[in-house]
Amino acid sequence: LLDTKFDPMVNEKGEEDLPYKIEVPQTPKKLVELLENRSLSTQKKILNRIRICAHPSVDQKSRENLKTYLNSLLGYFLLKDKIFRQKQLLELFPEIYEVSTAHPDVAFDFFKDRLDMLRGVESIPTFTDMRTIQLMLRVFPTSDFRHNIISPIGLLLELFANRLCEKLKLNSKHLPVSLMCLHSFGLMVGIGRDGANRNNFNAPDMSGPHPDFARFSVCYWKLLSLCLVGVEEWMCCGRGGGGTDGGTNYEEQAFDDDYNDDYDSNDSENWAGV
């Protein structure tokens, strides 16, 4: 997963103050301090150096530090006051993958608690909820016939999609989080995980598609059709990225999570003005 052209041990121009040995951040907030105001390339180097310095082959006593690092790293991407773009997540995800595959038990425990919180969502999900789901879908394999994290997430996506469909019929302000839900469906079936369009709902012992795929497809197409209507209305009003009033691109906001949780799904005001 790591780019072979990327050399984490070379300080480029503007990185003269970047240390080679970086202590493991004990909390997500500490990781924010390390990465704040750094370029994406520099952020990758920082995460790589933390992982290397905490690896047991370097320090036999640091195995627990690597577990702490994974918790801090996953928590960092779910901070409510941080704005993340898909580009940043995709660039830094190899570091998450490297550590989470070495410590799958830590990743499972981290997301198990958040899965319980997602089960408690009574209305429609927030951006942080959808960001959590997308991170789960990238960390864990979606090709397993049954998975302790991914299988429940599939059911939750179906539930959230149906709720969003009802909300979209009444108010288009839910369009951004609906687009994130559609994106999550794409990750669920493997689209965008490795650049290929794969149907990951094939069970190992079945020649046909996963039995859940048909149900997910109904929810997906239903939500997609309503989103397309909402997008058309948005663009016709001149409030989209192609409008004449200089509005922000709604799709970029939705997929890149620019609204963060400043967007209140229960707010009666038009989300276009958020």
# chains A, B, ... in the order shown; residues from 1 in each chain; ligands from 1
$ residues_around --residues "Leu73 of chain A" --least-positions-apart "2" --cutoff "8 Å" --atoms "only C-alpha atoms" --output "PyMOL selection string"
chain A and resi 28+31+69-71+75-77+96
$ residues_around --residues "Ile149 of chain A" --least-positions-apart "3" --cutoff "8 Å" --atoms "only C-alpha atoms" --output "list in words"
Phe108, Phe111, Lys112, Leu115, Met136, Phe140, Pro152 and Ile153 of chain A
$ write_last_selection --atoms "N, CA and C atoms" --output "JSON list (two decimals), in the first residue's frame"
[["chain", "number", "residue", "atom", "x", "y", "z"],
["A", 108, "PHE", "N", -10.57, -3.68, 16.29],
["A", 108, "PHE", "CA", -11.91, -4.21, 16.56],
["A", 108, "PHE", "C", -12.50, -3.59, 17.83],
["A", 111, "PHE", "N", -13.59, 0.08, 17.21],
["A", 111, "PHE", "CA", -14.81, 0.28, 16.43],
["A", 111, "PHE", "C", -16.03, -0.42, 17.03],
["A", 112, "LYS", "N", -15.80, -1.39, 17.88],
["A", 112, "LYS", "CA", -16.93, -2.08, 18.52],
["A", 112, "LYS", "C", -17.75, -1.09, 19.35],
["A", 115, "LEU", "N", -19.61, 1.13, 17.02],
["A", 115, "LEU", "CA", -20.73, 0.42, 16.40],
["A", 115, "LEU", "C", -21.94, 0.45, 17.32],
["A", 136, "MET", "N", -14.56, 2.42, 8.96],
["A", 136, "MET", "CA", -14.73, 0.98, 9.20],
["A", 136, "MET", "C", -14.64, 0.19, 7.90],
["A", 140, "PHE", "N", -11.67, -2.72, 7.62],
["A", 140, "PHE", "CA", -12.03, -4.13, 7.67],
["A", 140, "PHE", "C", -12.40, -4.65, 6.28],
["A", 152, "PRO", "N", -23.05, -5.84, 10.53],
["A", 152, "PRO", "CA", -23.99, -4.89, 11.14],
["A", 152, "PRO", "C", -24.00, -3.53, 10.45],
["A", 153, "ILE", "N", -22.84, -3.10, 9.94],
["A", 153, "ILE", "CA", -22.77, -1.81, 9.24],
["A", 153, "ILE", "C", -23.64, -1.85, 7.98]]
$ residues_around --residues "segment 13-22 of chain A" --least-positions-apart "5" --cutoff "8 Å" --atoms "only C-alpha atoms" --output "PyMOL selection string"
chain A and resi 42+46+49-50+53
$ atom_distance --atom1 "atom CA of Tyr220 of chain A" --atom2 "atom CA of Arg146 of chain A"
20.3 Å
$ atom_distance --atom1 "atom CA of Arg119 of chain A" --atom2 "atom CA of His174 of chain A"
19.8 Å
$ select_by_dssp --residues "segment 60-175 of chain A" --states "helix (DSSP H, G or I)" --output "ChimeraX atom specification"
/A:60-76,86-102,104-119,127-139,150-170,172-175
$ atom_distance --atom1 "atom CA of Leu92 of chain A" --atom2 "atom CA of Leu35 of chain A"
11.4 Å
$ closest_residue --among "A:Ser123, A:Gln86, A:Thr27, A:Ser178" --to "Lys222 of chain A" --atoms "only C-alpha atoms"
A:Ser178
$ closest_residue --among "A:Met180, A:Asn11, A:Thr68, A:Glu95" --to "Ile52 of chain A" --atoms "only C-alpha atoms"
A:Glu95
$ residues_around --residues "Tyr97 of chain A" --least-positions-apart "5" --cutoff "12 Å" --atoms "only C-alpha atoms" --output "ChimeraX atom specification"
/A:1-2,47-48,51,70,73-74,89-92,102-104,107,135-141
$ residues_around --residues "Val229 of chain A" --least-positions-apart "5" --cutoff "12 Å" --atoms "only C-alpha atoms" --output "PDB file with N, CA, C and O atoms, in the first residue's frame"
ATOM      1  N   CYS A 165     -34.207   8.672   2.822  1.00  0.00           N
ATOM      2  CA  CYS A 165     -35.167   8.768   1.718  1.00  0.00           C
ATOM      3  C   CYS A 165     -36.420   9.504   2.171  1.00  0.00           C
ATOM      4  O   CYS A 165     -36.952  10.356   1.445  1.00  0.00           O
ATOM      5  N   LEU A 168     -35.465  13.213   2.640  1.00  0.00           N
ATOM      6  CA  LEU A 168     -35.196  13.922   1.386  1.00  0.00           C
ATOM      7  C   LEU A 168     -36.484  14.313   0.668  1.00  0.00           C
ATOM      8  O   LEU A 168     -36.523  15.301  -0.059  1.00  0.00           O
ATOM      9  N   LYS A 169     -37.513  13.526   0.863  1.00  0.00           N
ATOM     10  CA  LYS A 169     -38.798  13.850   0.228  1.00  0.00           C
ATOM     11  C   LYS A 169     -39.359  15.156   0.786  1.00  0.00           C
ATOM     12  O   LYS A 169     -40.115  15.851   0.113  1.00  0.00           O
ATOM     13  N   ASN A 171     -37.264  17.590   2.700  1.00  0.00           N
ATOM     14  CA  ASN A 171     -36.309  18.692   2.808  1.00  0.00           C
ATOM     15  C   ASN A 171     -34.974  18.281   2.199  1.00  0.00           C
ATOM     16  O   ASN A 171     -34.365  17.292   2.620  1.00  0.00           O
ATOM     17  N   SER A 172     -34.499  19.053   1.238  1.00  0.00           N
ATOM     18  CA  SER A 172     -33.250  18.707   0.538  1.00  0.00           C
ATOM     19  C   SER A 172     -32.002  19.054   1.334  1.00  0.00           C
ATOM     20  O   SER A 172     -30.896  18.830   0.865  1.00  0.00           O
ATOM     21  N   LEU A 175     -29.291  16.388   1.732  1.00  0.00           N
ATOM     22  CA  LEU A 175     -28.588  15.881   0.555  1.00  0.00           C
ATOM     23  C   LEU A 175     -27.112  15.565   0.817  1.00  0.00           C
ATOM     24  O   LEU A 175     -26.637  14.505   0.399  1.00  0.00           O
ATOM     25  N   LYS A 222     -32.981   3.611  -4.552  1.00  0.00           N
ATOM     26  CA  LYS A 222     -34.029   4.498  -4.038  1.00  0.00           C
ATOM     27  C   LYS A 222     -33.427   5.813  -3.558  1.00  0.00           C
ATOM     28  O   LYS A 222     -33.916   6.896  -3.892  1.00  0.00           O
ATOM     29  N   LEU A 223     -32.346   5.704  -2.788  1.00  0.00           N
ATOM     30  CA  LEU A 223     -31.687   6.905  -2.283  1.00  0.00           C
ATOM     31  C   LEU A 223     -31.027   7.682  -3.410  1.00  0.00           C
ATOM     32  O   LEU A 223     -31.084   8.923  -3.452  1.00  0.00           O
ATOM     33  N   LEU A 224     -30.405   6.972  -4.344  1.00  0.00           N
ATOM     34  CA  LEU A 224     -29.749   7.626  -5.467  1.00  0.00           C
ATOM     35  C   LEU A 224     -30.742   8.435  -6.292  1.00  0.00           C
ATOM     36  O   LEU A 224     -30.458   9.573  -6.686  1.00  0.00           O
ATOM     37  N   TRP A 234     -31.105  21.654  -6.744  1.00  0.00           N
ATOM     38  CA  TRP A 234     -30.019  22.486  -6.221  1.00  0.00           C
ATOM     39  C   TRP A 234     -29.351  23.276  -7.331  1.00  0.00           C
ATOM     40  O   TRP A 234     -29.115  24.475  -7.225  1.00  0.00           O
ATOM     41  N   MET A 235     -29.051  22.589  -8.435  1.00  0.00           N
ATOM     42  CA  MET A 235     -28.383  23.239  -9.551  1.00  0.00           C
ATOM     43  C   MET A 235     -29.307  24.233 -10.259  1.00  0.00           C
ATOM     44  O   MET A 235     -28.875  25.299 -10.693  1.00  0.00           O
ATOM     45  N   CYS A 236     -30.573  23.893 -10.354  1.00  0.00           N
ATOM     46  CA  CYS A 236     -31.533  24.796 -11.000  1.00  0.00           C
ATOM     47  C   CYS A 236     -31.701  26.093 -10.217  1.00  0.00           C
ATOM     48  O   CYS A 236     -31.975  27.146 -10.788  1.00  0.00           O
TER      49      CYS A 236
END
$ closest_residue --among "A:Glu98, A:Ser57, A:Ser39, A:Cys227" --to "Glu166 of chain A" --atoms "only C-alpha atoms"
A:Cys227
